[in-house]
Every structure is written in C-alpha cells, then in structure tokens.
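Q: Here you go, one structure.
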Amino acid sequence: MSKTKKTTRQTGSRRKQQFLLSEDSPFAVQEAYKLLRTNLIFSTTEDKGKTVLITSSMQGEGKSTTAVNLGIAFAQNHSRVILIDCDLRLPTDASKLKVKNQPGITDVMIGINKLTDAIQHLPTGLDFLAAGTIPPNPTELLGSERMRQILDALSNHYEYIIIDTPPVTTVSDAAILAKIVSGVVIVCKQGVATQESVSETLQKLSFSEAKVLGFVFNGVANEKVTKYKSHYSYSYGYAHAHQNRSSSSSGGSRSSNDFETI
Ligand SMILES: Nc1ncnc2c1ncn2[C@@H]1O[C@H](COP(=O)(O)OP(=O)(O)OP(=O)(O)O)[C@@H](O)[C@H]1O
Ligand SMILES: [Mg+2]
C-alpha cells in the first residue's frame, strides 16, 4: 500500500469541465462508449437487471464520467437503464447531469422517500437515482439488507443498472457493493493508476468474490481523437478480465420484490 496515498477525498476548488455524452460528441468518443456498451452486453448474462458497478483504484480516474456516459449510451440504445450514484461521500453524478441530488438512494433507504418518487427520468431516456442526503455511515448503508432490496426491486424493471462508487483503495464501499452486483468495471486513468494501486484493488475485489468484467483505460492520448479535432483529450479503451466468481455473488440469486412498496 502506498505511503503517499490519501486517506480522505477532497473536492477541487477549481470548477472542472464535465464531459457529457451526446449526439454532438466527437465520433471517436461516441464510438468508444458504444464499444464499452457492446462489451458489457456480451459480458453480462443475467436474464434481468444486469448490475454493473463502476469503480477505480484512486480518486479522480473518471469513474463518474464513465458511469454517467455509459448510462446515456445504454439509453441511446433504447435499453431500460438506471444510473445510481452510490458515491455517498462525494456524489457528482447529479451535477454532471445537471439535476438535483435529492431525494436519492439514502433517502429511500431510511424511508423518507419511496423509490418511485426518488427516480428522476431524464430527457436522454436515462433514469437516475441520485445519492441523496449524505449519511454519516455510507459503508453500513451500502452493505445493508435495504440496499439489496432496492437493487432487487430495480432489477425487475431495468435491463441495466449502472452503479457509480468511490475508489476502492480509499474506502470499502465499492468492495461491499461488489458482492451483490453482476460485475465490476475498473476505470484506470493514465498517470494516476499504478500497478500497485490496481493490484490492491483487484485483491480487495477478490475478497468480495467480485466478477471483474474489464477495465476502461481513461486519459490515454489517442491519434483518432486528435484526428476528429476533439476537445476531449482522452479516449477509452476496454479490456476484458477473465476472472471467475463463485455462485454466491451472483445477482441472479436475489429474491423478487415489489418495486412500488420500496
Ligand atoms: N479522460 C479525461 N480527460 C479529461 N478530463 C477528464 C477525463 N475523465 C474525466 N475527466 C474529468 O476529470 C474530473 C474527474 O472525473 P470524474 O468525476 O469522472 O472522476 P471520479 O473517478 O468519479 O472522481 P472521484 O474519485 O472524485 O469520484 C472531472 O472534471 C472530469 O470531467
Ligand atoms: Mg466520482
């Protein structure tokens, strides 16, 4: 474990540019997300509610950007898809999508809001469940039976559930959630992810018996992106992981649930 690793996560004071996928996005960017979407369609085999957790080893590698844009890419494909911001410490998906962060999943978990009332239906076709009120005990909430019930209920209605999480080496939230999802995608940003940090991440996820579906390489200089005169200084690559998971971590083992009652 790196001695220089930060144990707390900080927000930058400088306002950063956000990259939201749209039909106006550069061709290379659209193609990269389509490729990621296609690979995930082939990598997940559940009959319903394929839950894909997006994480990384370090902070700021592009998890939320990937999760939001992947959600939009599935919506563009007319899939029934919902994005859940399960980064209950520093949620950014709502601001990236320019919608409200409350009510959200934490408010549903503690019974303030019903699940149906908390879901926002966006013009892109993407449904979004924000993080909601920042709780004092995020890890506990994410590992709760209530969280499992919410995913059960959503899996009856959605073909794809994309879950954004905090980085694995900083807090245990993603590893806890990894136990109850179909699979995990690890975002690795060039110049940020190290062999050490990725190894630590894989080790922590293997303790959760997580199925690692693959990696997204973010922030990689790409000739094609330059060719299309993109203002995006990055491209996405995707690599499959060949890692088995025990049947205990299968999303298919969830009991059915009534969406309306949650
Ligand atoms: N490839 C990229 N090139 C340039 N900027 C990027 C790239 N990917 C993400 N960003 C920008 O980097 C910042 C961090 O990205 P993002 O919020 O997606 O990371 P994150 O991994 O979710 O961070 P955190 O760990 O804080 O949740 C954002 O301002 C985003 O727009
Ligand atoms: Mg994030």
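All residue names refer to the structure tokens as shown: chains lettered A, B, ... in order, residues numbered from 1 in each chain, ligands numbered from 1 in order.
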What lies within 6 Å of Gly104 of chain A using only C-alpha atoms, ignoring chain neighbours under 3 positions off, as a ChimeraX atom specification?

A: /A:107,118,129-132

Q: Atoms to include: N, CA, C and O atoms. Write the selected residues as a compact mmCIF listing (two decimals), in the first residue's frame.

A:
```
# COMPACT_ATOMS: atom_id res chain seq x y z
N ASP A 107 -32.18 8.52 0.97
CA ASP A 107 -33.50 8.92 1.47
C ASP A 107 -34.50 7.76 1.35
O ASP A 107 -35.38 7.62 2.18
N ALA A 118 -38.18 8.91 -5.94
CA ALA A 118 -36.79 9.38 -5.95
C ALA A 118 -36.13 9.25 -7.33
O ALA A 118 -35.13 9.92 -7.60
N LEU A 129 -31.05 7.63 -10.15
CA LEU A 129 -31.30 7.65 -8.71
C LEU A 129 -30.07 8.30 -8.07
O LEU A 129 -28.97 7.72 -8.07
N ALA A 130 -30.27 9.52 -7.59
CA ALA A 130 -29.14 10.29 -7.03
C ALA A 130 -28.69 9.69 -5.70
O ALA A 130 -29.31 8.76 -5.18
N ALA A 131 -27.61 10.24 -5.17
CA ALA A 131 -27.10 9.74 -3.88
C ALA A 131 -28.03 10.14 -2.74
O ALA A 131 -28.26 9.37 -1.81
N GLY A 132 -28.54 11.36 -2.80
CA GLY A 132 -29.44 11.82 -1.74
C GLY A 132 -28.67 12.45 -0.59
O GLY A 132 -27.51 12.85 -0.74
```

Q: Please write out the residues within 12 Å of ligand 2 as a PyMOL selection string, counting only C-alpha atoms and all ligand atoms.

A: chain A and resi 9-11+18+54-68+84-96+131+163-168+174+187

Q: Taking into account only C-alpha atoms and all ligand atoms, which residue in the set A:Ser199, A:Asn101, A:Asn218, A:Gln30 is nearest to ligand 1?

A: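 Of A:Ser199, A:Asn101, A:Asn218, A:Gln30, the one nearest ligand 1, counting only C-alpha atoms and all ligand atoms, is A:Asn218.
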
Q: Atom CA of Gly49 of chain A and atom CA of Asp117 of chain A, how far apart in Å?

A: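 Spanning atom CA of Asp117 of chain A to atom CA of Gly49 of chain A is a straight-line distance of 19.7 Å.
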
Q: So which residues of segment 31-198 of chain A fall under alpha helix (DSSP H) by DSSP, listed as a VMD selection string?

A: chain A and resid 31 to 43 63 to 76 93 to 97 105 to 109 115 to 118 138 to 142 145 to 155 173 to 178 195 to 198

Q: Could those selected residues go to a file with C-alpha atoms, as a PDB file, in the first residue's frame?

A:
```pdb
ATOM      1  CA  GLU A  31     -17.672   5.025 -30.686  1.00  0.00           C
ATOM      2  CA  ALA A  32     -15.657   4.379 -27.532  1.00  0.00           C
ATOM      3  CA  TYR A  33     -18.782   4.377 -25.375  1.00  0.00           C
ATOM      4  CA  LYS A  34     -20.662   2.222 -27.879  1.00  0.00           C
ATOM      5  CA  LEU A  35     -17.801  -0.287 -27.722  1.00  0.00           C
ATOM      6  CA  LEU A  36     -17.907  -0.289 -23.926  1.00  0.00           C
ATOM      7  CA  ARG A  37     -21.694  -0.765 -24.041  1.00  0.00           C
ATOM      8  CA  THR A  38     -21.408  -3.647 -26.522  1.00  0.00           C
ATOM      9  CA  ASN A  39     -18.722  -5.378 -24.486  1.00  0.00           C
ATOM     10  CA  LEU A  40     -20.867  -5.121 -21.363  1.00  0.00           C
ATOM     11  CA  ILE A  41     -23.906  -6.506 -23.181  1.00  0.00           C
ATOM     12  CA  PHE A  42     -21.835  -9.582 -24.074  1.00  0.00           C
ATOM     13  CA  SER A  43     -20.186  -9.813 -20.645  1.00  0.00           C
ATOM     14  CA  LYS A  63     -15.492   6.712 -12.628  1.00  0.00           C
ATOM     15  CA  SER A  64     -18.415   9.124 -12.583  1.00  0.00           C
ATOM     16  CA  THR A  65     -17.760  10.373 -16.123  1.00  0.00           C
ATOM     17  CA  THR A  66     -17.705   6.758 -17.309  1.00  0.00           C
ATOM     18  CA  ALA A  67     -20.810   5.770 -15.309  1.00  0.00           C
ATOM     19  CA  VAL A  68     -22.889   8.743 -16.481  1.00  0.00           C
ATOM     20  CA  ASN A  69     -21.864   8.410 -20.131  1.00  0.00           C
ATOM     21  CA  LEU A  70     -22.296   4.641 -20.121  1.00  0.00           C
ATOM     22  CA  GLY A  71     -25.816   5.175 -18.790  1.00  0.00           C
ATOM     23  CA  ILE A  72     -26.506   7.633 -21.614  1.00  0.00           C
ATOM     24  CA  ALA A  73     -25.029   5.167 -24.138  1.00  0.00           C
ATOM     25  CA  PHE A  74     -27.423   2.440 -22.952  1.00  0.00           C
ATOM     26  CA  ALA A  75     -30.336   4.897 -23.109  1.00  0.00           C
ATOM     27  CA  GLN A  76     -29.348   5.824 -26.690  1.00  0.00           C
ATOM     28  CA  ASP A  93     -23.412  12.425 -10.951  1.00  0.00           C
ATOM     29  CA  ALA A  94     -26.309  14.829 -10.283  1.00  0.00           C
ATOM     30  CA  SER A  95     -24.147  17.860 -11.041  1.00  0.00           C
ATOM     31  CA  LYS A  96     -22.716  16.180 -14.152  1.00  0.00           C
ATOM     32  CA  LEU A  97     -26.278  15.522 -15.348  1.00  0.00           C
ATOM     33  CA  ILE A 105     -30.984   6.390  -2.584  1.00  0.00           C
ATOM     34  CA  THR A 106     -30.096   7.265   1.021  1.00  0.00           C
ATOM     35  CA  ASP A 107     -33.499   8.923   1.471  1.00  0.00           C
ATOM     36  CA  VAL A 108     -35.171   5.761   0.139  1.00  0.00           C
ATOM     37  CA  MET A 109     -33.067   3.581   2.433  1.00  0.00           C
ATOM     38  CA  LEU A 115     -38.193   4.558  -4.634  1.00  0.00           C
ATOM     39  CA  THR A 116     -40.587   5.590  -7.418  1.00  0.00           C
ATOM     40  CA  ASP A 117     -40.582   9.195  -6.161  1.00  0.00           C
ATOM     41  CA  ALA A 118     -36.789   9.383  -5.952  1.00  0.00           C
ATOM     42  CA  PRO A 138     -22.203   5.163   3.980  1.00  0.00           C
ATOM     43  CA  THR A 139     -20.497   1.759   4.181  1.00  0.00           C
ATOM     44  CA  GLU A 140     -23.099   0.438   6.602  1.00  0.00           C
ATOM     45  CA  LEU A 141     -25.953   1.640   4.400  1.00  0.00           C
ATOM     46  CA  LEU A 142     -24.471   0.163   1.222  1.00  0.00           C
ATOM     47  CA  GLU A 145     -30.331  -5.586   3.512  1.00  0.00           C
ATOM     48  CA  ARG A 146     -32.249  -2.492   2.423  1.00  0.00           C
ATOM     49  CA  MET A 147     -29.677  -1.811  -0.310  1.00  0.00           C
ATOM     50  CA  ARG A 148     -30.064  -5.358  -1.555  1.00  0.00           C
ATOM     51  CA  GLN A 149     -33.862  -4.970  -1.586  1.00  0.00           C
ATOM     52  CA  ILE A 150     -33.613  -1.772  -3.634  1.00  0.00           C
ATOM     53  CA  LEU A 151     -31.392  -3.477  -6.245  1.00  0.00           C
ATOM     54  CA  ASP A 152     -33.784  -6.437  -6.297  1.00  0.00           C
ATOM     55  CA  ALA A 153     -36.716  -4.146  -6.964  1.00  0.00           C
ATOM     56  CA  LEU A 154     -34.878  -2.200  -9.672  1.00  0.00           C
ATOM     57  CA  SER A 155     -33.703  -5.361 -11.400  1.00  0.00           C
ATOM     58  CA  ASP A 173     -17.903   0.939  -0.166  1.00  0.00           C
ATOM     59  CA  ALA A 174     -17.263  -0.401  -3.682  1.00  0.00           C
ATOM     60  CA  ALA A 175     -15.932  -3.733  -2.408  1.00  0.00           C
ATOM     61  CA  ILE A 176     -19.026  -4.136  -0.204  1.00  0.00           C
ATOM     62  CA  LEU A 177     -21.346  -3.443  -3.143  1.00  0.00           C
ATOM     63  CA  ALA A 178     -19.297  -5.671  -5.448  1.00  0.00           C
ATOM     64  CA  GLN A 195       0.483  -1.292 -10.817  1.00  0.00           C
ATOM     65  CA  GLU A 196       0.402  -1.176  -7.032  1.00  0.00           C
ATOM     66  CA  SER A 197      -2.976   0.552  -6.815  1.00  0.00           C
ATOM     67  CA  VAL A 198      -4.609  -1.731  -9.388  1.00  0.00           C
TER      68      VAL A 198
END
```
